[in-house]
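Text of run_13.cif (mmCIF, C-alpha atoms) as supplied:
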```cif
data_run
loop_
_atom_site.group_PDB
_atom_site.id
_atom_site.type_symbol
_atom_site.label_atom_id
_atom_site.label_comp_id
_atom_site.auth_asym_id
_atom_site.auth_seq_id
_atom_site.Cartn_x
_atom_site.Cartn_y
_atom_site.Cartn_z
ATOM 1 C CA MET A 1 -25.892 -27.504 -7.652
ATOM 2 C CA ASP A 2 -28.628 -25.599 -5.810
ATOM 3 C CA GLU A 3 -26.512 -25.647 -2.677
ATOM 4 C CA LEU A 4 -23.560 -24.283 -4.622
ATOM 5 C CA ARG A 5 -25.695 -21.508 -6.103
ATOM 6 C CA GLN A 6 -26.889 -20.626 -2.617
ATOM 7 C CA GLN A 7 -23.292 -20.488 -1.371
ATOM 8 C CA ILE A 8 -22.375 -18.163 -4.234
ATOM 9 C CA LYS A 9 -25.322 -15.876 -3.490
ATOM 10 C CA ASP A 10 -24.471 -15.813 0.213
ATOM 11 C CA LEU A 11 -20.883 -15.008 -0.647
ATOM 12 C CA MET A 12 -21.960 -12.155 -2.912
ATOM 13 C CA VAL A 13 -24.252 -10.649 -0.290
ATOM 14 C CA ASN A 14 -21.706 -10.953 2.498
ATOM 15 C CA GLU A 15 -18.488 -10.098 0.680
ATOM 16 C CA LEU A 16 -19.921 -7.267 -1.383
ATOM 17 C CA MET A 17 -22.140 -6.005 1.431
ATOM 18 C CA LEU A 18 -25.141 -5.966 -0.910
ATOM 19 C CA GLN A 19 -28.260 -4.278 0.392
ATOM 20 C CA MET A 20 -30.396 -7.298 -0.466
ATOM 21 C CA THR A 21 -30.871 -10.894 0.582
ATOM 22 C CA ALA A 22 -29.497 -13.935 -1.207
ATOM 23 C CA GLU A 23 -33.066 -14.953 -2.011
ATOM 24 C CA GLU A 24 -33.528 -11.810 -4.072
ATOM 25 C CA ILE A 25 -30.741 -12.817 -6.452
ATOM 26 C CA GLY A 26 -31.906 -14.960 -9.355
ATOM 27 C CA ASN A 27 -29.737 -17.652 -10.856
ATOM 28 C CA GLU A 28 -29.659 -15.798 -14.164
ATOM 29 C CA THR A 29 -29.751 -12.235 -12.870
ATOM 30 C CA PRO A 30 -27.022 -10.287 -14.713
ATOM 31 C CA ILE A 31 -24.359 -9.313 -12.196
ATOM 32 C CA PHE A 32 -23.037 -6.151 -13.794
ATOM 33 C CA SER A 33 -25.929 -4.883 -15.907
ATOM 34 C CA PRO A 34 -28.014 -1.992 -14.531
ATOM 35 C CA GLU A 35 -31.049 -4.225 -15.184
ATOM 36 C CA GLY A 36 -29.515 -6.798 -12.860
ATOM 37 C CA LEU A 37 -27.477 -6.300 -9.721
ATOM 38 C CA GLY A 38 -25.647 -3.310 -11.191
ATOM 39 C CA LEU A 39 -22.322 -4.143 -9.628
ATOM 40 C CA ASP A 40 -19.222 -2.218 -10.717
ATOM 41 C CA SER A 41 -15.581 -3.061 -11.463
ATOM 42 C CA VAL A 42 -14.589 -2.594 -7.822
ATOM 43 C CA ASP A 43 -17.211 -5.180 -6.840
ATOM 44 C CA ALA A 44 -15.845 -7.431 -9.583
ATOM 45 C CA LEU A 45 -12.361 -7.422 -8.097
ATOM 46 C CA GLN A 46 -13.718 -8.155 -4.643
ATOM 47 C CA LEU A 47 -15.837 -10.978 -6.072
ATOM 48 C CA VAL A 48 -12.851 -12.446 -7.912
ATOM 49 C CA VAL A 49 -10.778 -12.463 -4.716
ATOM 50 C CA ALA A 50 -13.628 -14.030 -2.733
ATOM 51 C CA LEU A 51 -14.287 -16.746 -5.337
ATOM 52 C CA GLU A 52 -10.591 -17.553 -5.554
ATOM 53 C CA LYS A 53 -10.411 -17.898 -1.807
ATOM 54 C CA LYS A 54 -13.608 -19.900 -1.220
ATOM 55 C CA PHE A 55 -13.799 -22.081 -4.317
ATOM 56 C CA GLY A 56 -10.265 -21.994 -5.696
ATOM 57 C CA LEU A 57 -11.546 -20.467 -8.908
ATOM 58 C CA LYS A 58 -8.823 -18.965 -11.068
ATOM 59 C CA PHE A 59 -9.222 -15.986 -13.339
ATOM 60 C CA PRO A 60 -6.125 -15.931 -15.533
ATOM 61 C CA ASP A 61 -7.369 -13.063 -17.688
ATOM 62 C CA ALA A 62 -10.106 -10.468 -18.029
ATOM 63 C CA GLU A 63 -11.908 -12.458 -20.751
ATOM 64 C CA THR A 64 -12.307 -15.437 -18.412
ATOM 65 C CA ALA A 65 -13.578 -13.156 -15.676
ATOM 66 C CA ARG A 66 -16.117 -11.569 -18.022
ATOM 67 C CA ASN A 67 -17.422 -14.971 -19.088
ATOM 68 C CA VAL A 68 -17.613 -16.454 -15.612
ATOM 69 C CA LEU A 69 -18.986 -13.427 -13.794
ATOM 70 C CA ARG A 70 -22.146 -13.079 -15.867
ATOM 71 C CA CYS A 71 -24.595 -14.525 -13.362
ATOM 72 C CA VAL A 72 -24.798 -17.033 -10.520
ATOM 73 C CA ASP A 73 -25.345 -19.878 -12.985
ATOM 74 C CA THR A 74 -22.152 -19.137 -14.950
ATOM 75 C CA ILE A 75 -20.138 -18.908 -11.744
ATOM 76 C CA ALA A 76 -21.583 -22.201 -10.497
ATOM 77 C CA ALA A 77 -20.762 -23.832 -13.816
ATOM 78 C CA ALA A 78 -17.147 -22.738 -13.524
ATOM 79 C CA VAL A 79 -16.634 -24.112 -10.026
ATOM 80 C CA PRO A 80 -16.625 -27.846 -10.823
ATOM 81 C CA ALA A 81 -14.406 -27.167 -13.817
ATOM 82 C CA ALA A 82 -11.879 -25.508 -11.555
ATOM 83 C CA GLU A 83 -11.823 -28.325 -9.036
ATOM 84 C CA MET B 1 -2.850 -10.293 17.506
ATOM 85 C CA SER B 2 0.424 -10.717 15.650
ATOM 86 C CA ARG B 3 0.897 -8.366 12.683
ATOM 87 C CA SER B 4 3.351 -8.585 9.829
ATOM 88 C CA ILE B 5 4.552 -5.178 8.721
ATOM 89 C CA LEU B 6 6.610 -4.616 5.593
ATOM 90 C CA ILE B 7 8.598 -1.388 5.428
ATOM 91 C CA THR B 8 10.448 -0.512 2.241
ATOM 92 C CA GLY B 9 13.472 1.737 2.164
ATOM 93 C CA ALA B 10 14.028 0.471 5.668
ATOM 94 C CA ASN B 11 17.719 1.275 5.820
ATOM 95 C CA GLY B 12 17.209 5.039 5.531
ATOM 96 C CA GLY B 13 16.738 7.452 8.402
ATOM 97 C CA LEU B 14 12.976 7.592 8.031
ATOM 98 C CA GLY B 15 12.672 3.849 7.511
ATOM 99 C CA ILE B 16 14.641 3.104 10.650
ATOM 100 C CA GLY B 17 12.629 5.638 12.629
ATOM 101 C CA ILE B 18 9.353 4.102 11.485
ATOM 102 C CA SER B 19 10.652 0.599 12.220
ATOM 103 C CA GLN B 20 11.735 1.500 15.753
ATOM 104 C CA THR B 21 8.387 3.072 16.516
ATOM 105 C CA PHE B 22 6.472 -0.006 15.363
ATOM 106 C CA LEU B 23 8.770 -2.191 17.471
ATOM 107 C CA GLN B 24 8.061 -0.044 20.506
ATOM 108 C CA GLU B 25 4.335 0.041 19.825
ATOM 109 C CA SER B 26 3.689 -3.660 20.369
ATOM 110 C CA PRO B 27 5.582 -6.916 20.908
ATOM 111 C CA GLU B 28 3.084 -8.401 18.441
ATOM 112 C CA ASN B 29 4.518 -6.367 15.568
ATOM 113 C CA HIS B 30 6.772 -8.416 13.305
ATOM 114 C CA LEU B 31 8.787 -6.310 10.909
ATOM 115 C CA TRP B 32 10.029 -7.138 7.456
ATOM 116 C CA LEU B 33 12.579 -4.573 6.394
ATOM 117 C CA GLY B 34 12.900 -4.252 2.653
ATOM 118 C CA VAL B 35 16.518 -3.525 1.798
ATOM 119 C CA ARG B 36 18.957 -3.673 -1.093
ATOM 120 C CA SER B 37 22.706 -3.091 -1.043
ATOM 121 C CA ASN B 38 22.654 -0.586 1.844
ATOM 122 C CA ARG B 39 21.501 -2.515 4.866
ATOM 123 C CA ASP B 40 23.817 -1.755 7.798
ATOM 124 C CA ALA B 41 21.292 0.204 9.857
ATOM 125 C CA ALA B 42 18.552 -2.343 9.193
ATOM 126 C CA ALA B 43 20.909 -5.194 10.084
ATOM 127 C CA ASP B 44 21.751 -3.455 13.366
ATOM 128 C CA LEU B 45 18.065 -3.222 14.186
ATOM 129 C CA GLN B 46 17.618 -6.876 13.351
ATOM 130 C CA SER B 47 20.456 -7.874 15.645
ATOM 131 C CA LEU B 48 18.689 -6.095 18.497
ATOM 132 C CA HIS B 49 15.345 -7.805 17.789
ATOM 133 C CA PRO B 50 16.171 -11.083 16.030
ATOM 134 C CA ASP B 51 12.765 -12.605 16.796
ATOM 135 C CA ARG B 52 10.734 -9.753 15.433
ATOM 136 C CA VAL B 53 12.792 -8.207 12.658
ATOM 137 C CA HIS B 54 13.592 -9.821 9.324
ATOM 138 C CA LEU B 55 15.569 -8.382 6.464
ATOM 139 C CA ILE B 56 14.175 -9.065 3.057
ATOM 140 C CA GLU B 57 15.820 -8.375 -0.281
ATOM 141 C CA LEU B 58 13.507 -6.103 -2.217
ATOM 142 C CA ASP B 59 13.953 -4.093 -5.395
ATOM 143 C CA VAL B 60 10.796 -1.991 -5.319
ATOM 144 C CA THR B 61 11.018 -1.288 -9.042
ATOM 145 C CA SER B 62 10.676 -5.001 -9.839
ATOM 146 C CA ALA B 63 7.270 -6.684 -9.732
ATOM 147 C CA ILE B 64 8.978 -10.074 -9.509
ATOM 148 C CA SER B 65 10.963 -8.969 -6.487
ATOM 149 C CA TRP B 66 7.735 -7.836 -4.829
ATOM 150 C CA ASP B 67 5.988 -11.134 -5.504
ATOM 151 C CA LEU B 68 8.879 -13.054 -3.976
ATOM 152 C CA ALA B 69 8.930 -10.830 -0.914
ATOM 153 C CA VAL B 70 5.199 -11.150 -0.267
ATOM 154 C CA GLU B 71 5.401 -14.910 -0.811
ATOM 155 C CA THR B 72 8.200 -15.154 1.756
ATOM 156 C CA ILE B 73 6.296 -13.112 4.319
ATOM 157 C CA LEU B 74 3.098 -15.129 3.885
ATOM 158 C CA ALA B 75 5.016 -18.391 4.197
ATOM 159 C CA THR B 76 6.307 -17.256 7.595
ATOM 160 C CA ASN B 77 3.693 -14.984 9.126
ATOM 161 C CA LYS B 78 0.538 -16.194 7.309
ATOM 162 C CA SER B 79 -0.779 -12.674 6.894
ATOM 163 C CA MET B 80 0.228 -9.378 5.334
ATOM 164 C CA ASP B 81 -1.136 -6.723 7.614
ATOM 165 C CA VAL B 82 0.672 -3.455 7.027
ATOM 166 C CA LEU B 83 2.686 -2.129 4.102
ATOM 167 C CA ILE B 84 4.693 1.067 4.403
ATOM 168 C CA ASN B 85 5.870 2.201 0.978
ATOM 169 C CA ASN B 86 8.777 4.322 2.093
ATOM 170 C CA ALA B 87 11.464 3.594 -0.509
ATOM 171 C CA GLY B 88 12.450 6.359 -2.852
ATOM 172 C CA HIS B 89 15.088 8.914 -3.601
ATOM 173 C CA HIS B 90 15.422 12.358 -5.065
ATOM 174 C CA ASP B 91 17.849 13.754 -7.600
ATOM 175 C CA ASP B 92 17.236 17.467 -7.776
ATOM 176 C CA GLN B 93 17.917 19.282 -11.034
ATOM 177 C CA LEU B 94 16.256 22.079 -12.935
ATOM 178 C CA LEU B 95 13.922 20.571 -15.491
ATOM 179 C CA ALA B 96 15.679 22.225 -18.439
ATOM 180 C CA MET B 97 18.876 20.494 -17.375
ATOM 181 C CA MET B 98 17.368 17.225 -16.210
ATOM 182 C CA THR B 99 18.645 14.031 -17.777
ATOM 183 C CA ASP B 100 16.371 11.217 -18.903
ATOM 184 C CA ASP B 101 18.133 8.996 -16.406
ATOM 185 C CA SER B 102 17.355 11.303 -13.501
ATOM 186 C CA TRP B 103 13.712 11.582 -14.514
ATOM 187 C CA HIS B 104 13.163 7.851 -14.947
ATOM 188 C CA LYS B 105 15.033 6.728 -11.836
ATOM 189 C CA VAL B 106 13.153 9.103 -9.568
ATOM 190 C CA ILE B 107 9.793 8.163 -11.092
ATOM 191 C CA ASP B 108 10.673 4.462 -10.862
ATOM 192 C CA SER B 109 11.813 4.374 -7.256
ATOM 193 C CA ASN B 110 9.103 6.633 -5.861
ATOM 194 C CA LEU B 111 6.035 6.068 -8.008
ATOM 195 C CA THR B 112 6.483 2.733 -9.766
ATOM 196 C CA GLY B 113 7.837 1.247 -6.543
ATOM 197 C CA THR B 114 4.710 2.327 -4.691
ATOM 198 C CA PHE B 115 2.476 1.005 -7.465
ATOM 199 C CA ASN B 116 4.278 -2.348 -7.445
ATOM 200 C CA GLY B 117 3.930 -2.613 -3.678
ATOM 201 C CA CYS B 118 0.235 -1.799 -3.639
ATOM 202 C CA ARG B 119 -0.464 -4.285 -6.410
ATOM 203 C CA ALA B 120 1.623 -7.014 -4.783
ATOM 204 C CA VAL B 121 -0.388 -6.972 -1.552
ATOM 205 C CA ALA B 122 -3.812 -5.991 -2.910
ATOM 206 C CA ARG B 123 -5.357 -9.420 -3.381
ATOM 207 C CA THR B 124 -3.888 -10.809 -0.182
ATOM 208 C CA MET B 125 -5.218 -7.941 1.910
ATOM 209 C CA MET B 126 -8.603 -8.041 0.172
ATOM 210 C CA GLY B 127 -8.819 -11.779 0.828
ATOM 211 C CA GLN B 128 -8.005 -11.169 4.486
ATOM 212 C CA ARG B 129 -10.589 -8.395 4.522
ATOM 213 C CA ARG B 130 -8.134 -6.258 6.374
ATOM 214 C CA GLY B 131 -4.953 -4.388 5.629
ATOM 215 C CA ARG B 132 -3.275 -1.049 6.041
ATOM 216 C CA ILE B 133 -1.178 0.604 3.365
ATOM 217 C CA ILE B 134 0.708 3.794 4.116
ATOM 218 C CA ASN B 135 2.482 5.482 1.261
ATOM 219 C CA ILE B 136 5.187 7.959 2.101
ATOM 220 C CA ALA B 137 4.763 10.876 -0.286
ATOM 221 C CA SER B 138 6.272 14.280 0.419
ATOM 222 C CA LEU B 139 5.373 17.891 0.961
ATOM 223 C CA SER B 140 7.007 18.349 -2.441
ATOM 224 C CA ALA B 141 3.932 16.684 -3.935
ATOM 225 C CA LEU B 142 1.881 19.637 -2.729
ATOM 226 C CA LEU B 143 4.382 22.521 -2.964
ATOM 227 C CA SER B 144 6.196 21.501 -6.173
ATOM 228 C CA PRO B 145 9.438 23.328 -5.415
ATOM 229 C CA PRO B 146 11.767 24.326 -8.269
ATOM 230 C CA GLY B 147 14.458 21.773 -8.999
ATOM 231 C CA GLN B 148 12.207 18.863 -8.097
ATOM 232 C CA ALA B 149 10.075 18.348 -11.203
ATOM 233 C CA ASN B 150 10.848 14.633 -11.161
ATOM 234 C CA TYR B 151 10.414 14.167 -7.416
ATOM 235 C CA ALA B 152 7.341 16.417 -7.127
ATOM 236 C CA ALA B 153 5.698 14.642 -10.069
ATOM 237 C CA ALA B 154 6.477 11.220 -8.616
ATOM 238 C CA LYS B 155 5.183 12.114 -5.171
ATOM 239 C CA ALA B 156 2.090 13.851 -6.572
ATOM 240 C CA GLY B 157 1.559 10.595 -8.441
ATOM 241 C CA VAL B 158 1.782 8.737 -5.152
ATOM 242 C CA VAL B 159 -0.966 10.980 -3.761
ATOM 243 C CA GLY B 160 -3.206 10.289 -6.756
ATOM 244 C CA LEU B 161 -2.469 6.570 -6.679
ATOM 245 C CA THR B 162 -3.260 6.476 -2.964
ATOM 246 C CA GLN B 163 -6.649 8.117 -3.359
ATOM 247 C CA SER B 164 -7.677 6.054 -6.378
ATOM 248 C CA PHE B 165 -6.553 2.751 -4.864
ATOM 249 C CA ALA B 166 -8.188 3.613 -1.541
ATOM 250 C CA LYS B 167 -11.581 3.744 -3.268
ATOM 251 C CA GLU B 168 -10.983 0.410 -4.980
ATOM 252 C CA VAL B 169 -10.287 -1.546 -1.806
ATOM 253 C CA ALA B 170 -12.298 0.359 0.793
ATOM 254 C CA ARG B 171 -15.165 -2.097 0.925
ATOM 255 C CA ALA B 172 -12.703 -4.951 1.398
ATOM 256 C CA GLY B 173 -11.577 -3.488 4.722
ATOM 257 C CA VAL B 174 -8.254 -2.244 3.385
ATOM 258 C CA THR B 175 -7.220 1.355 4.001
ATOM 259 C CA VAL B 176 -4.712 3.295 1.921
ATOM 260 C CA ASN B 177 -3.369 6.615 3.107
ATOM 261 C CA CYS B 178 -0.337 8.744 2.466
ATOM 262 C CA LEU B 179 1.931 10.918 4.527
ATOM 263 C CA CYS B 180 3.571 14.070 3.253
ATOM 264 C CA PRO B 181 6.589 14.818 5.412
ATOM 265 C CA GLY B 182 8.237 18.216 5.181
ATOM 266 C CA TYR B 183 11.835 18.757 6.253
ATOM 267 C CA ILE B 184 12.697 15.693 8.319
ATOM 268 C CA ASP B 185 16.051 15.552 10.077
ATOM 269 C CA THR B 186 17.525 12.390 8.561
ATOM 270 C CA PRO B 187 20.870 11.593 6.933
ATOM 271 C CA ALA B 188 19.175 12.466 3.632
ATOM 272 C CA LEU B 189 19.298 16.114 4.739
ATOM 273 C CA SER B 190 22.999 15.907 5.455
ATOM 274 C CA ALA B 191 23.706 17.238 1.972
ATOM 275 C CA MET B 192 22.527 20.627 3.249
ATOM 276 C CA ASN B 193 25.183 22.993 4.478
ATOM 277 C CA PRO B 194 24.542 24.864 7.774
ATOM 278 C CA GLU B 195 23.137 27.896 5.948
ATOM 279 C CA GLN B 196 20.716 25.797 3.928
ATOM 280 C CA ARG B 197 19.677 23.964 7.060
ATOM 281 C CA GLN B 198 19.040 27.232 8.844
ATOM 282 C CA ALA B 199 17.040 28.522 5.889
ATOM 283 C CA ALA B 200 14.966 25.342 5.838
ATOM 284 C CA THR B 201 14.253 25.615 9.540
ATOM 285 C CA ALA B 202 13.251 29.241 9.116
ATOM 286 C CA LYS B 203 10.507 28.179 6.693
ATOM 287 C CA VAL B 204 8.918 25.996 9.352
ATOM 288 C CA PRO B 205 6.398 27.824 11.562
ATOM 289 C CA MET B 206 7.315 25.496 14.426
ATOM 290 C CA ARG B 207 10.941 26.566 13.981
ATOM 291 C CA ARG B 208 12.374 23.086 14.041
ATOM 292 C CA LEU B 209 12.978 20.309 11.554
ATOM 293 C CA GLY B 210 10.774 17.271 11.791
ATOM 294 C CA ARG B 211 12.034 14.102 13.412
ATOM 295 C CA PRO B 212 11.614 10.599 11.986
ATOM 296 C CA GLU B 213 9.455 9.753 14.988
ATOM 297 C CA ASP B 214 7.046 12.561 14.027
ATOM 298 C CA VAL B 215 6.360 10.707 10.791
ATOM 299 C CA ALA B 216 6.467 7.304 12.469
ATOM 300 C CA ALA B 217 3.786 8.285 14.981
ATOM 301 C CA ALA B 218 1.414 9.091 12.145
ATOM 302 C CA ALA B 219 2.232 5.811 10.403
ATOM 303 C CA VAL B 220 1.576 3.830 13.577
ATOM 304 C CA PHE B 221 -1.766 5.571 14.020
ATOM 305 C CA LEU B 222 -2.867 4.996 10.421
ATOM 306 C CA ALA B 223 -1.910 1.328 10.807
ATOM 307 C CA SER B 224 -4.009 0.967 13.958
ATOM 308 C CA GLU B 225 -7.557 -0.276 14.435
ATOM 309 C CA ASN B 226 -8.508 3.230 15.526
ATOM 310 C CA ALA B 227 -7.814 4.517 12.025
ATOM 311 C CA GLY B 228 -10.231 2.068 10.423
ATOM 312 C CA TYR B 229 -12.490 4.770 8.947
ATOM 313 C CA ILE B 230 -9.647 6.820 7.497
ATOM 314 C CA THR B 231 -8.725 6.046 3.912
ATOM 315 C CA GLY B 232 -7.501 8.050 0.943
ATOM 316 C CA SER B 233 -6.264 10.739 3.294
ATOM 317 C CA VAL B 234 -3.217 12.910 2.695
ATOM 318 C CA LEU B 235 -1.617 13.881 5.981
ATOM 319 C CA LYS B 236 1.014 16.606 6.058
ATOM 320 C CA ILE B 237 3.689 16.327 8.708
ATOM 321 C CA ASP B 238 5.546 19.545 8.224
ATOM 322 C CA GLY B 239 5.441 21.759 11.285
ATOM 323 C CA GLY B 240 2.869 23.968 9.588
ATOM 324 C CA ILE B 241 4.709 24.936 6.399
ATOM 325 C CA PHE B 242 1.819 24.734 3.963
#
```
How would this structure read if it were set down as structure tokens?
Amino acid sequence: MDELRQQIKDLMVNELMLQMTAEEIGNETPIFSPEGLGLDSVDALQLVVALEKKFGLKFPDAETARNVLRCVDTIAAAVPAAE
Amino acid sequence: MSRSILITGANGGLGIGISQTFLQESPENHLWLGVRSNRDAAADLQSLHPDRVHLIELDVTSAISWDLAVETILATNKSMDVLINNAGHHDDQLLAMMTDDSWHKVIDSNLTGTFNGCRAVARTMMGQRRGRIINIASLSALLSPPGQANYAAAKAGVVGLTQSFAKEVARAGVTVNCLCPGYIDTPALSAMNPEQRQAATAKVPMRRLGRPEDVAAAAVFLASENAGYITGSVLKIDGGIF
């Protein structure tokens, strides 16, 4: 699971061109809150596309996306379920 | 590197001109010509370049038709590199006399068609982290001539859509730009009588009508690697009218 979390953080840094390292992202750091990473809806779409491509995750609706894209932990939890 | 290039409205004068220019630009360019019932000119081009030109049935107003077209292209070429949203038509009438049918058809073919196309390729291009979308708007979007409320509104919508969408996909390596041709000498202008044609030419500071290849050259440039930092731009190709 730690390896998966690391892969997700690396993907976020690389795909979203974040000005931070993967190590600076906590497992429970909110992705879209200003208190967390502060990403926006454009980042969200890019993240969805990247997660679909790398992990085969599917986001059939906005509600699913909101629930999964809360933090690294919630994304990691969704990956095995999608496989 | 091989590129798959989808051009809608490919049977028209501008579509054919753009297609020919991409064919001349590189032997690596593989063209998918979106056509409907009128396809003679596109079929002629295909017969000349059977290895690099494919005809594909595409109703730009139908999201399902778009999905099928993109699926077909990806199954063959494995990538979706360039989309030229060129399909559209005009039906000029004064607004006070304009029918609902005229309004809706012009909005559908020009604006909804462009929206459908952008949406159909968005995720694929973002996943590839590269892509070029060129929307063919019109000088009418900027000049709003009388008698073209439907067309001017649709094309102004294409400009707005282009700039908004460009911001959404910029960081994914996808560029979205639009071209605003002025008077281009295509069969679509054949409805003009000689006097109207002369009057149109007189409005152009360069004193000539545009040629399809004038527009095509801009499309080829915006689709190139060299145009990688250009997105959300609105490029007039009008001989200096504005």
If you apply the PyMOL selection byres ((chain A) within 12 of (chain B)) to this file, what residues do you get, as a PDB file with C-alpha atoms, in the coordinates of the input?
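New file part_36.pdb:
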```pdb
ATOM      1  CA  ASN A  14     -21.706 -10.953   2.498  1.00  0.00           C
ATOM      2  CA  GLU A  15     -18.488 -10.098   0.680  1.00  0.00           C
ATOM      3  CA  LEU A  16     -19.921  -7.267  -1.383  1.00  0.00           C
ATOM      4  CA  MET A  17     -22.140  -6.005   1.431  1.00  0.00           C
ATOM      5  CA  LEU A  18     -25.141  -5.966  -0.910  1.00  0.00           C
ATOM      6  CA  ASP A  40     -19.222  -2.218 -10.717  1.00  0.00           C
ATOM      7  CA  SER A  41     -15.581  -3.061 -11.463  1.00  0.00           C
ATOM      8  CA  VAL A  42     -14.589  -2.594  -7.822  1.00  0.00           C
ATOM      9  CA  ASP A  43     -17.211  -5.180  -6.840  1.00  0.00           C
ATOM     10  CA  ALA A  44     -15.845  -7.431  -9.583  1.00  0.00           C
ATOM     11  CA  LEU A  45     -12.361  -7.422  -8.097  1.00  0.00           C
ATOM     12  CA  GLN A  46     -13.718  -8.155  -4.643  1.00  0.00           C
ATOM     13  CA  LEU A  47     -15.837 -10.978  -6.072  1.00  0.00           C
ATOM     14  CA  VAL A  48     -12.851 -12.446  -7.912  1.00  0.00           C
ATOM     15  CA  VAL A  49     -10.778 -12.463  -4.716  1.00  0.00           C
ATOM     16  CA  ALA A  50     -13.628 -14.030  -2.733  1.00  0.00           C
ATOM     17  CA  LEU A  51     -14.287 -16.746  -5.337  1.00  0.00           C
ATOM     18  CA  GLU A  52     -10.591 -17.553  -5.554  1.00  0.00           C
ATOM     19  CA  LYS A  53     -10.411 -17.898  -1.807  1.00  0.00           C
ATOM     20  CA  LYS A  54     -13.608 -19.900  -1.220  1.00  0.00           C
TER      21      LYS A  54
END
```
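Of the residues under consideration (A:Leu37, A:Pro60, A:Glu28, A:Met20), A:Glu28 shows the shortest atom-to-atom contact distance to Ile75 (chain A) when counting all atoms listed in the file.
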Distance query Ala78 (chain A) at most 12 Å, all atoms listed in the file, self and fewer than 2 positions along chain excluded, as a tab-separated table (two decimals) with C-alpha atoms, in the frame of the given file:
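Saved result, selection-v2.tsv, follows:
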```tsv
chain	number	residue	atom	x	y	z
A	1	MET	CA	-25.89	-27.50	-7.65
A	4	LEU	CA	-23.56	-24.28	-4.62
A	5	ARG	CA	-25.70	-21.51	-6.10
A	8	ILE	CA	-22.38	-18.16	-4.23
A	51	LEU	CA	-14.29	-16.75	-5.34
A	52	GLU	CA	-10.59	-17.55	-5.55
A	55	PHE	CA	-13.80	-22.08	-4.32
A	56	GLY	CA	-10.26	-21.99	-5.70
A	57	LEU	CA	-11.55	-20.47	-8.91
A	58	LYS	CA	-8.82	-18.96	-11.07
A	59	PHE	CA	-9.22	-15.99	-13.34
A	64	THR	CA	-12.31	-15.44	-18.41
A	65	ALA	CA	-13.58	-13.16	-15.68
A	67	ASN	CA	-17.42	-14.97	-19.09
A	68	VAL	CA	-17.61	-16.45	-15.61
A	69	LEU	CA	-18.99	-13.43	-13.79
A	70	ARG	CA	-22.15	-13.08	-15.87
A	71	CYS	CA	-24.60	-14.52	-13.36
A	72	VAL	CA	-24.80	-17.03	-10.52
A	73	ASP	CA	-25.34	-19.88	-12.98
A	74	THR	CA	-22.15	-19.14	-14.95
A	75	ILE	CA	-20.14	-18.91	-11.74
A	76	ALA	CA	-21.58	-22.20	-10.50
A	80	PRO	CA	-16.62	-27.85	-10.82
A	81	ALA	CA	-14.41	-27.17	-13.82
A	82	ALA	CA	-11.88	-25.51	-11.56
A	83	GLU	CA	-11.82	-28.32	-9.04
```
Exactly which residues make up the result of the PyMOL selection byres ((chain B and resi 163) around 8) on this file, given as an mmCIF file with C-alpha atoms, keeping the file's coordinate frame?
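Now in selection_19.cif:
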```cif
data_model
loop_
_atom_site.group_PDB
_atom_site.id
_atom_site.type_symbol
_atom_site.label_atom_id
_atom_site.label_comp_id
_atom_site.auth_asym_id
_atom_site.auth_seq_id
_atom_site.Cartn_x
_atom_site.Cartn_y
_atom_site.Cartn_z
ATOM 1 C CA VAL B 159 -0.966 10.980 -3.761
ATOM 2 C CA GLY B 160 -3.206 10.289 -6.756
ATOM 3 C CA LEU B 161 -2.469 6.570 -6.679
ATOM 4 C CA THR B 162 -3.260 6.476 -2.964
ATOM 5 C CA SER B 164 -7.677 6.054 -6.378
ATOM 6 C CA PHE B 165 -6.553 2.751 -4.864
ATOM 7 C CA ALA B 166 -8.188 3.613 -1.541
ATOM 8 C CA LYS B 167 -11.581 3.744 -3.268
ATOM 9 C CA VAL B 176 -4.712 3.295 1.921
ATOM 10 C CA ASN B 177 -3.369 6.615 3.107
ATOM 11 C CA THR B 231 -8.725 6.046 3.912
ATOM 12 C CA GLY B 232 -7.501 8.050 0.943
ATOM 13 C CA SER B 233 -6.264 10.739 3.294
#
```
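Using only C-alpha atoms, the smallest distance between any of B:Pro27, B:Pro50, B:Gly88, B:Gly228 and Asn150 (chain B) comes from B:Gly88.
Going from CA of Ala218 (chain B) over to CA of Arg130 (chain B), you cover 19.0 Å.
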List as a JSON list (two decimals) with C-alpha atoms, in the coordinates of the input: which residues have an atom within 12 Å of (5.2, -17.0, 7.9), counting only C-alpha atoms?
```
[["chain", "number", "residue", "atom", "x", "y", "z"],
["B", 2, "SER", "CA", 0.42, -10.72, 15.65],
["B", 3, "ARG", "CA", 0.90, -8.37, 12.68],
["B", 4, "SER", "CA", 3.35, -8.59, 9.83],
["B", 5, "ILE", "CA", 4.55, -5.18, 8.72],
["B", 30, "HIS", "CA", 6.77, -8.42, 13.30],
["B", 31, "LEU", "CA", 8.79, -6.31, 10.91],
["B", 32, "TRP", "CA", 10.03, -7.14, 7.46],
["B", 52, "ARG", "CA", 10.73, -9.75, 15.43],
["B", 54, "HIS", "CA", 13.59, -9.82, 9.32],
["B", 69, "ALA", "CA", 8.93, -10.83, -0.91],
["B", 70, "VAL", "CA", 5.20, -11.15, -0.27],
["B", 71, "GLU", "CA", 5.40, -14.91, -0.81],
["B", 72, "THR", "CA", 8.20, -15.15, 1.76],
["B", 73, "ILE", "CA", 6.30, -13.11, 4.32],
["B", 74, "LEU", "CA", 3.10, -15.13, 3.88],
["B", 75, "ALA", "CA", 5.02, -18.39, 4.20],
["B", 76, "THR", "CA", 6.31, -17.26, 7.60],
["B", 77, "ASN", "CA", 3.69, -14.98, 9.13],
["B", 78, "LYS", "CA", 0.54, -16.19, 7.31],
["B", 79, "SER", "CA", -0.78, -12.67, 6.89],
["B", 80, "MET", "CA", 0.23, -9.38, 5.33]]
```
